[in-house]
$ cat coords.cif   # mmCIF, C-alpha atoms and all ligand atoms
data_entry
loop_
_atom_site.label_atom_id
_atom_site.label_comp_id
_atom_site.auth_asym_id
_atom_site.auth_seq_id
_atom_site.Cartn_x
_atom_site.Cartn_y
_atom_site.Cartn_z
CA MET A 19 42.32 80.24 -229.74
CA GLU A 20 45.87 81.46 -230.43
CA ASN A 21 45.76 79.47 -233.64
CA ILE A 22 42.51 81.12 -234.65
CA GLU A 23 43.96 84.58 -233.94
CA ALA A 24 47.01 83.74 -236.05
CA ASN A 25 44.81 82.35 -238.84
CA LEU A 26 42.62 85.46 -238.74
CA LYS A 27 45.65 87.69 -239.31
CA THR A 28 46.59 85.78 -242.44
CA ALA A 29 43.06 84.97 -243.68
CA ARG A 30 42.36 86.13 -247.22
CA SER A 31 39.23 86.24 -249.36
CA TYR A 32 38.76 83.59 -252.04
CA THR A 33 41.32 82.80 -254.71
CA LYS A 34 40.42 82.37 -258.37
CA VAL A 35 40.95 78.62 -257.90
CA GLU A 36 38.45 78.59 -255.05
CA LEU A 37 35.96 80.53 -257.15
CA GLU A 38 36.43 78.72 -260.45
CA ASP A 39 37.94 75.24 -260.06
CA LYS A 40 35.35 72.61 -260.99
CA GLU A 41 36.91 69.76 -259.02
CA LEU A 42 37.10 71.86 -255.88
CA TYR A 43 33.48 72.84 -256.47
CA GLN A 44 32.44 69.17 -256.32
CA ARG A 45 34.13 68.97 -252.91
CA GLU A 46 32.24 72.05 -251.80
CA LEU A 47 28.97 70.36 -252.77
CA ALA A 48 30.03 67.34 -250.69
CA LEU A 49 30.81 69.63 -247.73
CA LEU A 50 27.52 71.51 -247.97
CA SER A 51 25.54 68.28 -248.40
CA SER A 52 26.40 67.39 -244.78
CA GLN A 53 25.04 70.71 -243.48
CA TRP A 54 21.44 71.15 -242.32
CA ILE A 55 19.91 73.76 -244.61
CA PHE A 56 16.59 75.58 -244.11
CA ILE A 57 14.05 74.45 -246.67
CA ASP A 58 10.58 75.60 -245.58
CA HIS A 59 8.10 75.85 -242.72
CA ILE A 60 5.68 73.09 -241.68
CA SER A 61 2.70 75.34 -242.49
CA SER A 62 3.45 74.87 -246.21
CA PHE A 63 2.05 71.34 -245.82
CA LYS A 64 -1.52 70.98 -244.56
CA LYS A 65 -2.45 67.31 -245.12
CA VAL A 66 -0.68 63.97 -245.30
CA GLY A 67 0.35 63.64 -248.96
CA ASP A 68 0.97 67.37 -249.52
CA TYR A 69 4.35 67.74 -251.20
CA LYS A 70 6.69 70.41 -252.55
CA VAL A 71 9.74 70.18 -254.80
CA TYR A 72 12.87 72.24 -254.00
CA GLU A 73 16.21 72.90 -255.64
CA LEU A 74 19.00 72.21 -253.17
CA LEU A 75 22.71 72.10 -254.04
CA GLU A 76 22.02 71.17 -257.67
CA GLU A 77 19.60 68.42 -256.63
CA SER A 78 15.83 68.29 -256.98
CA VAL A 79 14.25 67.28 -253.67
CA ILE A 80 10.67 66.22 -252.88
CA VAL A 81 9.47 66.94 -249.34
CA VAL A 82 6.16 65.30 -248.41
CA LYS A 83 4.04 65.26 -245.29
CA THR A 84 3.49 61.71 -244.03
CA GLU A 85 1.57 60.21 -241.14
CA TYR A 86 4.74 60.34 -239.03
CA GLY A 87 6.14 63.74 -239.95
CA PHE A 88 8.01 64.59 -243.13
CA SER A 89 9.87 62.50 -245.70
CA GLY A 90 12.42 63.74 -248.21
CA HIS A 91 13.41 62.05 -251.47
CA LEU A 92 15.62 62.90 -254.38
CA ASN A 93 13.32 63.62 -257.28
CA PHE A 94 14.34 60.79 -259.58
CA CYS A 95 12.97 57.32 -260.16
CA SER A 96 15.00 54.33 -258.97
CA HIS A 97 14.36 52.49 -262.28
CA ARG A 98 16.04 54.58 -265.01
CA GLY A 99 16.32 57.86 -263.19
CA SER A 100 13.44 59.74 -264.79
CA THR A 101 12.30 62.89 -263.00
CA LEU A 102 9.42 61.78 -260.81
CA CYS A 103 7.54 64.98 -259.93
CA GLU A 104 7.37 67.71 -262.51
CA LYS A 105 4.90 69.85 -260.57
CA LYS A 106 6.44 72.19 -258.00
CA GLN A 107 3.84 71.24 -255.40
CA GLY A 108 0.68 69.22 -255.00
CA HIS A 109 -1.00 66.37 -253.18
CA ALA A 110 -0.18 62.70 -253.77
CA LYS A 111 -1.26 59.33 -252.41
CA ALA A 112 1.75 57.87 -254.23
CA PHE A 113 4.35 59.10 -256.71
CA THR A 114 4.07 57.44 -260.12
CA CYS A 115 6.94 57.73 -262.54
CA PRO A 116 5.88 59.05 -265.96
CA TYR A 117 8.39 56.81 -267.82
CA HIS A 118 7.37 53.18 -267.06
CA ASN A 119 4.85 53.78 -264.28
CA TRP A 120 6.77 52.49 -261.31
CA SER A 121 4.90 53.73 -258.28
CA PHE A 122 6.27 54.76 -254.88
CA GLU A 123 4.62 55.23 -251.48
CA ILE A 124 4.95 58.76 -250.12
CA ASP A 125 7.56 57.45 -247.67
CA GLY A 126 9.66 56.44 -250.70
CA LYS A 127 9.13 52.65 -250.71
CA LEU A 128 8.56 51.02 -254.08
CA LYS A 129 4.87 50.13 -254.23
CA SER A 130 4.51 48.56 -257.66
CA ALA A 131 6.61 47.99 -260.77
CA PRO A 132 4.49 46.88 -263.75
CA SER A 133 5.59 43.57 -265.35
CA CYS A 134 8.53 43.18 -262.94
CA SER A 135 8.50 40.28 -260.54
CA MET A 136 10.55 41.33 -257.54
CA THR A 137 11.28 39.82 -254.15
CA SER A 138 10.53 42.07 -251.20
CA LEU A 139 14.30 42.54 -250.83
CA GLN A 140 14.61 43.72 -254.42
CA LYS A 141 11.66 46.01 -253.81
CA SER A 142 13.26 47.51 -250.72
CA GLU A 143 16.49 48.06 -252.68
CA ASN A 144 14.54 50.17 -255.15
CA SER A 145 13.13 52.74 -252.76
CA LEU A 146 13.58 56.39 -253.64
CA LYS A 147 16.88 57.91 -252.47
CA LYS A 148 16.25 59.49 -249.10
CA VAL A 149 16.89 63.09 -248.05
CA ASP A 150 16.93 63.77 -244.30
CA ILE A 151 14.29 66.24 -243.10
CA LYS A 152 14.34 67.58 -239.54
CA ASP A 153 12.32 70.17 -237.69
CA VAL A 154 13.23 72.85 -235.14
CA GLU A 155 10.07 74.60 -233.89
CA GLY A 156 8.35 74.14 -237.25
CA ILE A 157 11.36 75.20 -239.31
CA LEU A 158 12.28 72.37 -241.69
CA PHE A 159 15.92 71.61 -242.46
CA ALA A 160 17.10 69.26 -245.20
CA GLY A 161 20.28 67.22 -245.41
CA LEU A 162 21.47 65.38 -248.52
CA ASN A 163 24.28 63.24 -247.08
CA VAL A 164 22.00 60.74 -245.36
CA GLY A 165 24.05 58.73 -242.85
CA SER A 166 26.87 61.27 -242.64
CA MET A 167 25.08 64.49 -241.72
CA VAL A 168 26.43 66.66 -238.91
CA ASP A 169 24.75 65.96 -235.57
CA PHE A 170 21.26 67.48 -235.73
CA GLU A 171 20.68 67.46 -231.97
CA THR A 172 23.51 70.00 -231.51
CA VAL A 173 21.98 72.27 -234.15
CA LYS A 174 18.54 71.92 -232.57
CA ARG A 175 19.79 72.60 -229.05
CA GLU A 176 21.40 75.85 -230.13
CA LEU A 177 18.52 77.15 -232.24
CA ASN A 178 15.69 76.02 -230.02
CA PRO A 179 15.64 78.70 -227.26
CA LEU A 180 15.28 81.75 -229.53
CA PHE A 181 13.16 79.92 -232.14
CA SER A 182 10.84 78.88 -229.34
CA TRP A 183 10.57 82.46 -228.02
CA GLN A 184 9.63 83.49 -231.54
CA GLY A 185 6.77 80.95 -231.58
CA LEU A 186 7.89 79.56 -234.92
CA SER A 187 5.97 76.32 -234.45
CA LYS A 188 2.78 78.42 -234.46
CA ALA A 189 3.68 80.51 -237.49
CA LYS A 190 2.71 80.46 -241.14
CA VAL A 191 4.45 81.49 -244.35
CA ALA A 192 3.21 84.94 -245.38
CA HIS A 193 5.41 85.42 -248.44
CA THR A 194 8.32 83.91 -250.36
CA CYS A 195 10.47 85.07 -253.26
CA THR A 196 13.71 84.08 -254.95
CA PHE A 197 16.57 86.19 -256.30
CA THR A 198 19.16 84.78 -258.68
CA LEU A 199 22.66 86.18 -258.82
CA SER A 200 25.68 85.63 -261.04
CA ALA A 201 28.25 84.86 -258.39
CA ASN A 202 29.91 81.95 -256.68
CA TRP A 203 28.04 81.04 -253.47
CA LYS A 204 31.01 81.94 -251.22
CA LEU A 205 30.83 85.57 -252.31
CA ALA A 206 27.22 85.63 -251.08
CA VAL A 207 28.22 84.04 -247.75
CA ASP A 208 31.13 86.49 -247.50
CA ASN A 209 28.68 89.38 -247.88
CA PHE A 210 25.97 88.14 -245.51
CA MET A 211 28.45 87.58 -242.69
CA GLU A 212 29.67 91.16 -242.48
CA CYS A 213 28.20 94.65 -242.31
CA TYR A 214 31.37 96.52 -243.30
CA HIS A 215 29.54 97.16 -246.58
CA CYS A 216 26.38 98.53 -244.91
CA TYR A 217 27.15 102.28 -244.90
CA ALA A 218 28.10 102.17 -248.56
CA ASN A 219 25.18 100.01 -249.70
CA HIS A 220 22.21 100.07 -247.31
CA PRO A 221 21.00 103.65 -246.64
CA GLU A 222 17.59 102.49 -245.33
CA MET A 223 19.21 100.05 -242.92
CA CYS A 224 21.67 102.64 -241.62
CA LYS A 225 18.88 105.16 -241.09
CA GLN A 226 16.65 102.77 -239.15
CA LEU A 227 18.98 100.47 -237.26
CA ILE A 228 21.62 101.24 -234.64
CA HIS A 229 23.99 98.32 -235.22
CA PRO A 230 25.78 99.75 -238.31
CA LYS A 231 27.37 102.24 -235.89
CA VAL A 232 29.50 99.35 -234.66
CA THR A 233 29.24 96.79 -237.44
CA SER A 234 29.98 99.13 -240.36
CA THR A 235 32.56 101.49 -238.83
CA GLU A 236 35.08 101.59 -236.00
CA SER A 237 34.35 105.23 -235.17
CA PRO A 238 34.63 105.75 -231.35
CA THR A 239 31.90 108.43 -231.45
CA GLN A 240 29.48 106.07 -233.16
CA TYR A 241 30.46 103.29 -230.77
CA LYS A 242 29.40 105.50 -227.85
CA GLN A 243 26.05 106.24 -229.53
CA PHE A 244 25.46 102.52 -230.02
CA GLU A 245 26.53 101.68 -226.49
CA LYS A 246 24.04 104.11 -224.95
CA VAL A 247 21.12 102.68 -226.95
CA TYR A 248 22.22 99.09 -226.33
CA VAL A 249 22.73 99.44 -222.56
CA ASP A 250 19.39 101.20 -222.20
CA TRP A 251 17.68 98.46 -224.26
CA CYS A 252 19.31 95.68 -222.21
CA GLN A 253 18.00 97.20 -218.97
CA LYS A 254 14.44 97.55 -220.27
CA THR A 255 14.47 94.15 -221.95
CA ALA A 256 15.79 92.43 -218.82
CA VAL A 257 12.83 93.84 -216.87
CA LEU A 258 10.48 92.32 -219.46
CA GLY A 259 12.26 88.97 -219.10
CA HIS A 260 12.96 88.79 -222.85
CA PRO A 261 16.16 87.14 -224.06
CA ILE A 262 19.28 89.26 -224.62
CA GLY A 263 22.58 88.50 -226.35
CA GLY A 264 23.88 85.14 -227.54
CA ASP A 265 26.70 83.82 -229.72
CA GLN A 266 28.01 86.26 -232.26
CA ASN A 267 31.08 84.55 -233.68
CA VAL A 268 31.39 81.73 -236.18
CA ASP A 269 32.89 78.76 -234.32
CA VAL A 270 35.54 77.44 -236.69
CA ASN A 271 35.66 74.17 -234.76
CA ALA A 272 31.94 73.41 -235.03
CA ASP A 273 30.78 70.91 -237.64
CA GLN A 274 27.92 73.32 -238.27
CA PHE A 275 28.44 76.73 -236.68
CA ILE A 276 25.41 78.54 -235.27
CA VAL A 277 25.23 82.26 -234.56
CA THR A 278 22.10 83.36 -232.69
CA LEU A 279 21.89 86.69 -231.01
CA ARG A 280 19.15 88.93 -229.67
CA SER A 281 19.87 92.65 -229.79
CA VAL A 282 18.27 96.06 -230.28
CA LEU A 283 16.94 97.39 -233.60
CA ASN A 284 16.98 101.02 -232.43
CA THR A 285 15.37 103.23 -229.79
CA ASN A 286 12.34 104.10 -231.92
CA THR A 287 12.43 101.13 -234.25
CA ALA A 288 9.85 98.49 -233.38
CA SER A 289 10.26 96.53 -236.60
CA TYR A 290 11.09 96.78 -240.30
CA GLY A 291 8.33 99.16 -241.46
CA LYS A 292 9.43 102.19 -243.53
CA ASP A 293 9.26 104.33 -240.40
CA GLY A 294 10.39 101.58 -238.06
CA GLU A 295 6.82 100.59 -237.24
CA SER A 296 5.47 97.09 -236.47
CA LEU A 297 4.14 95.13 -239.42
CA ALA A 298 2.23 92.21 -237.91
CA PRO A 299 0.86 90.91 -234.59
CA LEU A 300 3.42 89.91 -231.96
CA MET A 301 4.73 86.37 -232.25
CA GLY A 302 5.39 83.63 -229.73
CA LYS A 303 6.12 84.57 -226.14
CA TYR A 304 6.54 88.30 -226.84
CA LYS A 305 3.68 90.16 -225.16
CA VAL A 306 5.12 93.61 -225.88
CA ASN A 307 7.36 94.88 -228.63
CA ASP A 308 10.74 95.60 -227.03
CA ASN A 309 12.42 97.01 -230.20
CA GLY A 310 14.62 93.93 -230.33
CA GLU A 311 15.29 91.19 -232.85
CA THR A 312 16.85 87.75 -233.04
CA PHE A 313 19.29 87.36 -235.87
CA GLY A 314 21.99 85.01 -236.97
CA PHE A 315 22.79 82.06 -239.17
CA CYS A 316 22.79 78.30 -239.03
CA GLY A 317 25.83 77.17 -240.99
CA PRO A 318 26.78 79.21 -244.04
CA MET A 319 23.52 78.80 -245.98
CA THR A 320 20.66 79.66 -243.58
CA HIS A 321 20.25 83.21 -242.26
CA PHE A 322 17.51 84.87 -240.21
CA SER A 323 16.27 88.18 -238.82
CA MET A 324 13.32 88.05 -236.45
CA PRO A 325 11.86 91.15 -234.80
CA THR A 326 8.99 90.49 -232.39
CA ASP A 327 6.30 90.59 -235.11
CA PHE A 328 7.64 88.45 -237.98
CA ALA A 329 10.44 86.10 -238.94
CA PHE A 330 12.53 86.54 -242.07
CA ILE A 331 14.57 83.48 -243.03
CA PHE A 332 16.57 82.93 -246.18
CA ARG A 333 18.54 80.15 -247.75
CA ILE A 334 21.56 80.63 -249.99
CA ASN A 335 21.32 77.93 -252.64
CA VAL A 336 24.08 76.82 -254.98
CA ARG A 337 22.83 76.54 -258.58
CA SER A 338 26.23 76.15 -260.22
CA ILE A 339 29.82 77.22 -259.62
CA SER A 340 28.90 80.74 -260.78
CA GLU A 341 25.17 81.02 -260.06
CA THR A 342 23.50 81.31 -256.67
CA THR A 343 19.92 81.84 -255.58
CA ILE A 344 18.68 83.51 -252.42
CA GLU A 345 15.35 82.05 -251.31
CA LEU A 346 13.49 84.35 -248.93
CA HIS A 347 10.65 83.49 -246.55
CA TRP A 348 8.58 85.75 -244.32
CA LEU A 349 6.64 84.11 -241.47
CA VAL A 350 3.97 85.63 -239.25
CA ASP A 351 1.83 84.31 -236.41
CA GLU A 352 -0.51 81.57 -237.67
CA ASP A 353 -3.62 83.57 -236.65
CA ALA A 354 -2.58 86.78 -238.41
CA LYS A 355 -4.88 87.64 -241.32
CA GLU A 356 -3.48 88.95 -244.57
CA ASP A 357 -4.60 92.51 -245.42
CA VAL A 358 -6.10 92.83 -241.95
CA ASP A 359 -3.15 92.21 -239.60
CA TYR A 360 -0.34 92.51 -242.15
CA ASN A 361 0.22 93.14 -245.81
CA VAL A 362 2.91 91.51 -247.89
CA THR A 363 4.16 94.71 -249.57
CA ASP A 364 4.99 96.40 -246.27
CA LEU A 365 6.15 93.19 -244.60
CA SER A 366 8.68 92.42 -247.32
CA TRP A 367 9.78 95.98 -248.20
CA PHE A 368 12.88 96.24 -246.00
CA TRP A 369 14.49 92.91 -246.76
CA LYS A 370 13.66 93.02 -250.47
CA THR A 371 15.21 96.49 -250.69
CA THR A 372 18.26 95.39 -248.71
CA MET A 373 18.62 92.11 -250.61
CA LYS A 374 18.57 93.88 -253.99
CA GLN A 375 21.37 96.15 -252.76
CA ASP A 376 23.33 93.13 -251.55
CA ILE A 377 22.90 91.36 -254.88
CA ILE A 378 24.29 94.36 -256.78
CA ALA A 379 27.28 94.44 -254.40
CA ILE A 380 27.91 90.67 -254.63
CA GLU A 381 27.63 90.64 -258.43
CA ARG A 382 30.10 93.54 -258.66
CA ALA A 383 32.54 91.58 -256.50
CA ALA A 384 32.02 88.49 -258.67
CA ALA A 385 32.62 90.49 -261.87
CA GLY A 386 35.89 91.90 -260.52
CA ALA A 387 37.06 88.50 -259.32
CA ARG A 388 36.83 87.20 -262.92
CA SER A 389 39.79 89.40 -263.89
CA ARG A 390 42.93 87.42 -264.70
CA PHE A 391 44.77 89.80 -262.37
CA PHE A 392 42.45 89.42 -259.37
CA GLN A 393 44.16 88.75 -256.03
CA PRO A 394 42.39 87.95 -252.74
CA ALA A 395 42.85 90.49 -249.93
CA VAL A 396 42.90 90.55 -246.13
CA TYR A 397 39.81 90.76 -243.93
CA ASN A 398 39.48 93.56 -241.37
CA ALA A 399 37.93 93.51 -237.88
CA LEU A 400 34.48 94.41 -239.25
CA GLU A 401 34.64 91.32 -241.47
CA HIS A 402 35.44 89.05 -238.54
CA ASN A 403 32.78 86.41 -239.25
CA SER A 404 33.55 86.35 -242.99
CA ALA A 405 37.18 85.69 -242.08
CA LEU A 406 36.19 82.98 -239.59
CA PHE A 407 33.98 81.38 -242.23
CA SER A 408 36.88 81.35 -244.72
CA ILE A 409 38.97 79.49 -242.11
CA TRP A 410 36.15 77.03 -241.37
CA TYR A 411 35.65 76.44 -245.10
CA ARG A 412 39.35 75.97 -245.93
CA GLU A 413 39.97 73.55 -243.08
CA ARG A 414 37.08 71.35 -244.17
CA ILE A 415 37.84 71.51 -247.87
CA ALA A 416 41.48 70.64 -247.11
CA ALA A 417 40.30 67.58 -245.14
CA ILE A 418 38.00 66.48 -247.98
CA SER A 419 40.76 67.11 -250.54
CA GLN A 420 43.27 65.16 -248.45
CA ASN A 421 40.84 62.24 -248.20
CA ALA A 422 40.26 62.31 -251.92
CA THR A 423 43.97 62.54 -252.79
CA SER A 424 44.86 59.69 -250.43
CA ARG A 425 42.27 57.48 -252.17
CA VAL A 426 42.55 58.64 -255.79
CA PRO A 427 45.61 60.68 -256.77
CA ALA A 428 44.08 63.72 -258.49
CA PRO A 429 46.39 65.38 -261.02
CA ASN A 430 45.88 68.85 -259.57
CA GLY A 431 45.27 67.79 -255.95
CA ALA A 432 48.48 69.46 -254.78
CA LEU A 433 47.34 72.72 -256.31
CA LEU A 434 44.01 72.48 -254.50
CA LEU A 435 45.64 71.74 -251.16
CA ARG A 436 48.09 74.60 -251.54
CA SER A 437 45.35 77.07 -252.37
CA SER A 438 43.35 75.95 -249.33
CA SER A 439 46.07 76.35 -246.73
S1 LIG B 1 12.35 55.41 -265.16
FE1 LIG B 1 10.76 55.44 -263.74
S2 LIG B 1 9.63 53.70 -264.17
FE2 LIG B 1 11.25 53.61 -265.54
FE FE B 2 24.13 93.66 -246.94
#
$ encode --input "coords.cif" --output "structure tokens" --more "lines below"
Ligand code: FES
Ligand SMILES: [Fe+2]
Amino acid sequence: MENIEANLKTARSYTKVELEDKELYQRELALLSSQWIFIDHISSFKKVGDYKVYELLEESVIVVKTEYGFSGHLNFCSHRGSTLCEKKQGHAKAFTCPYHNWSFEIDGKLKSAPSCSMTSLQKSENSLKKVDIKDVEGILFAGLNVGSMVDFETVKRELNPLFSWQGLSKAKVAHTCTFTLSANWKLAVDNFMECYHCYANHPEMCKQLIHPKVTSTESPTQYKQFEKVYVDWCQKTAVLGHPIGGDQNVDVNADQFIVTLRSVLNTNTASYGKDGESLAPLMGKYKVNDNGETFGFCGPMTHFSMPTDFAFIFRINVRSISETTIELHWLVDEDAKEDVDYNVTDLSWFWKTTMKQDIIAIERAAAGARSRFFQPAVYNALEHNSALFSIWYRERIAAISQNATSRVPAPNGALLLRSSS
């Protein structure tokens, strides 16, 4: 703990090397490939054989519903590497490669290879490359580093209580959209882990929600206003038996840190409608709207905000060292009917508005950081989780760099290690 406090005092935002070095970037991809990252919801797949193709950490990934759950494969053929699925989604009994017609079962096993006589061992060696797919209450997570992923049971145990309250296993996807931004992925993570920027960038959020009074300023007057609303909400919510509180700090020692917290939106804010109104039928175990929401993140790339009537989940996806996408999903109760119980325009208004504001802010930060004279700066108390994430990131990148330099002496390894300490 003392170490963390000391590290927090000296923590700085990202150096130009950390934002631009291509070798370091490959190590970042290796680090992120061991993290469980939100990919979709089970309701996107109705029947065995339904599949979708996703971009994840510069890889193309096929996720397919099988008899036993879900399988994930890298979207290239084991013969000469041709792209296997060019459609973004569909239904398949098998995947047939367009190049020489090798055919694969939906679980990835090689089914047939025209004019090749193969032993069953050779066949099994030519299965598609696997991607791990796991499920927490209907939320699907993908992991690329099969065999060396972080422990999923720990992730599941931490997410399960609040995901279960939200009834996510009985939800459906109401809407998705993707934003692309010209910025290194860490600048997006940096932004989404703090609300110091909220007063300057999110007028709608600051009007409707109470938390910016403590997450965007250290004003004692505003703290008192927040405290009154929060204490009152806790008392009422406790009577209802709904969950309250949770973990709010990034654990720098966790292989995959999880922040999940249930708190108040505001006294008269039931959800994310333009006037704070509800937008869809209640979800899960919530029988009344208590003006609360579950929010947090699962590792650096998966973030969520879930009032009692819908769930908003987004994934930060790395497209290149300087391009990032934000992939947004809105979920509602599986029985809710579009244009009767909810409509997509209202449902998505708040987070689309807020996300566009975030993207402008992140791209401005990225543009400034391209200056030859750019220097990283300290974090303040309102950027606590961003600072903790920078510590988590640097410790892990240093370990990966050390491993790599002890095996293969990299010419600029020393530079990378110095910049990461
Ligand atoms: S590359 Fe797929 S069958 Fe040859
Ligand atoms: Fe923001």
$ residues_around --input "coords.cif" --residues "Ala272 (chain A)" --least-positions-apart "4" --cutoff "9 Å" --atoms "all atoms listed in the file" --output "list in words"
Val268, Ile276 and Trp410 of chain A
$ closest_atom_pairs --input "coords.cif" --of "chain A" --to "ligand FE 2 (chain B)" --cutoff "12 Å" --atoms "only C-alpha atoms and all ligand atoms" --output "tab-separated table"
residue	atom	partner	partner_atom	distance
A:Leu205	CA	B:FE2	FE	11.8
A:Ala206	CA	B:FE2	FE	9.5
A:Val207	CA	B:FE2	FE	10.5
A:Asp208	CA	B:FE2	FE	10.0
A:Asn209	CA	B:FE2	FE	6.3
A:Phe210	CA	B:FE2	FE	6.0
A:Met211	CA	B:FE2	FE	8.6
A:Glu212	CA	B:FE2	FE	7.5
A:Cys213	CA	B:FE2	FE	6.2
A:Tyr214	CA	B:FE2	FE	8.6
A:His215	CA	B:FE2	FE	6.5
A:Cys216	CA	B:FE2	FE	5.7
A:Tyr217	CA	B:FE2	FE	9.4
A:Ala218	CA	B:FE2	FE	9.5
A:Asn219	CA	B:FE2	FE	7.0
A:His220	CA	B:FE2	FE	6.7
A:Pro221	CA	B:FE2	FE	10.5
A:Glu222	CA	B:FE2	FE	11.1
A:Met223	CA	B:FE2	FE	9.0
A:Cys224	CA	B:FE2	FE	10.7
A:Pro230	CA	B:FE2	FE	10.7
A:Thr233	CA	B:FE2	FE	11.2
A:Ser234	CA	B:FE2	FE	10.4
A:Phe368	CA	B:FE2	FE	11.6
A:Trp369	CA	B:FE2	FE	9.7
A:Lys370	CA	B:FE2	FE	11.1
A:Thr371	CA	B:FE2	FE	10.1
A:Thr372	CA	B:FE2	FE	6.4
A:Met373	CA	B:FE2	FE	6.8
A:Lys374	CA	B:FE2	FE	9.0
A:Gln375	CA	B:FE2	FE	6.9
A:Asp376	CA	B:FE2	FE	4.7
A:Ile377	CA	B:FE2	FE	8.4
A:Ile378	CA	B:FE2	FE	9.9
A:Ala379	CA	B:FE2	FE	8.1
A:Ile380	CA	B:FE2	FE	9.1
$ closest_residue --input "coords.cif" --among "A:Ala192, A:Val149, A:Ala160, A:Ala29" --to "Gly90 (chain A)" --atoms "all atoms listed in the file"
A:Val149
$ closest_residue --input "coords.cif" --among "A:Arg30, A:Lys83, A:Leu128, A:Tyr117" --to "ligand LIG 1 (chain B)" --atoms "only C-alpha atoms and all ligand atoms"
A:Tyr117
$ residues_around --input "coords.cif" --residues "Leu300 (chain A)" --least-positions-apart "4" --cutoff "10 Å" --atoms "all atoms listed in the file" --output "PyMOL selection string"
chain A and resi 184-185+296+304-307+325-328+350-351+354
$ axis_aligned_box --input "coords.cif" --around "ligand LIG 1 (chain B)" --padding-each-side "8 Å" --output "lines of an AutoDock Vina configuration file"
center_x = 11.0
center_y = 54.5
center_z = -264.6
size_x = 18.7
size_y = 17.8
size_z = 17.8
$ residues_near_ligand --input "coords.cif" --ligand "ligand LIG 1 (chain B)" --cutoff "6 Å" --atoms "only C-alpha atoms and all ligand atoms" --output "number ranges by chain"
A: 95, 97-100, 115, 117-120
$ closest_residue --input "coords.cif" --among "A:Lys141, A:Lys27, A:Lys303, A:Lys231" --to "Leu283 (chain A)" --atoms "all atoms listed in the file"
A:Lys231
$ closest_residue --input "coords.cif" --among "A:Cys134, A:Leu47, A:Val249, A:Met319" --to "Ser281 (chain A)" --atoms "only C-alpha atoms"
A:Val249
$ residues_around --input "coords.cif" --residues "Ser51 (chain A)" --least-positions-apart "4" --cutoff "10 Å" --atoms "all atoms listed in the file" --output "PyMOL selection string"
chain A and resi 45-47+55+74-75+160-164+166-168
$ residues_around --input "coords.cif" --residues "Val362 (chain A)" --least-positions-apart "6" --cutoff "10 Å" --atoms "only C-alpha atoms" --output "list in words"
Ala192, His193, Thr194, Leu297, Trp348 and Glu356 of chain A
$ atom_distance --input "coords.cif" --atom1 "CA of Thr320 (chain A)" --atom2 "CA of Val81 (chain A)"
17.9 Å
$ closest_residue --input "coords.cif" --among "A:Ser340, A:Cys316, A:Thr33, A:Ala256" --to "Phe392 (chain A)" --atoms "all atoms listed in the file"
A:Thr33
$ residues_around --input "coords.cif" --residues "Thr278 (chain A)" --least-positions-apart "3" --cutoff "8 Å" --atoms "all atoms listed in the file" --output "list in words"
Glu176, Leu177, Leu180, Gly264, Asp265, Gln266, Thr312, Phe313, Gly314 and Phe315 of chain A
$ closest_residue --input "coords.cif" --among "A:Lys292, A:Lys127, A:Lys106, A:His59" --to "Leu139 (chain A)" --atoms "only C-alpha atoms"
A:Lys127
$ atom_distance --input "coords.cif" --atom1 "CA of Asn178 (chain A)" --atom2 "CA of Cys252 (chain A)"
21.5 Å
$ build_atoms --input "coords.cif" --residues "region 298-304 of chain A" --atoms "N, CA, C and O atoms" --output "PDB file, in the coordinates of the input"
ATOM      1  N   ALA A 298       3.101  93.381-238.095  1.00  0.00           N
ATOM      2  CA  ALA A 298       2.230  92.210-237.910  1.00  0.00           C
ATOM      3  C   ALA A 298       2.029  92.003-236.411  1.00  0.00           C
ATOM      4  O   ALA A 298       2.762  92.594-235.603  1.00  0.00           O
ATOM      5  N   PRO A 299       1.047  91.179-236.021  1.00  0.00           N
ATOM      6  CA  PRO A 299       0.860  90.910-234.590  1.00  0.00           C
ATOM      7  C   PRO A 299       2.102  90.265-233.969  1.00  0.00           C
ATOM      8  O   PRO A 299       2.856  89.567-234.655  1.00  0.00           O
ATOM      9  N   LEU A 300       2.278  90.488-232.667  1.00  0.00           N
ATOM     10  CA  LEU A 300       3.420  89.910-231.960  1.00  0.00           C
ATOM     11  C   LEU A 300       3.421  88.392-232.108  1.00  0.00           C
ATOM     12  O   LEU A 300       2.360  87.765-232.170  1.00  0.00           O
ATOM     13  N   MET A 301       4.612  87.830-232.112  1.00  0.00           N
ATOM     14  CA  MET A 301       4.730  86.370-232.250  1.00  0.00           C
ATOM     15  C   MET A 301       5.169  85.742-230.933  1.00  0.00           C
ATOM     16  O   MET A 301       5.813  86.383-230.093  1.00  0.00           O
ATOM     17  N   GLY A 302       4.849  84.463-230.798  1.00  0.00           N
ATOM     18  CA  GLY A 302       5.390  83.630-229.730  1.00  0.00           C
ATOM     19  C   GLY A 302       5.158  84.165-228.337  1.00  0.00           C
ATOM     20  O   GLY A 302       4.062  84.565-227.969  1.00  0.00           O
ATOM     21  N   LYS A 303       6.250  84.195-227.554  1.00  0.00           N
ATOM     22  CA  LYS A 303       6.120  84.570-226.140  1.00  0.00           C
ATOM     23  C   LYS A 303       6.218  86.073-225.935  1.00  0.00           C
ATOM     24  O   LYS A 303       6.172  86.540-224.800  1.00  0.00           O
ATOM     25  N   TYR A 304       6.410  86.843-227.001  1.00  0.00           N
ATOM     26  CA  TYR A 304       6.540  88.300-226.840  1.00  0.00           C
ATOM     27  C   TYR A 304       5.150  88.913-226.623  1.00  0.00           C
ATOM     28  O   TYR A 304       4.277  88.801-227.479  1.00  0.00           O
TER      29      TYR A 304
END
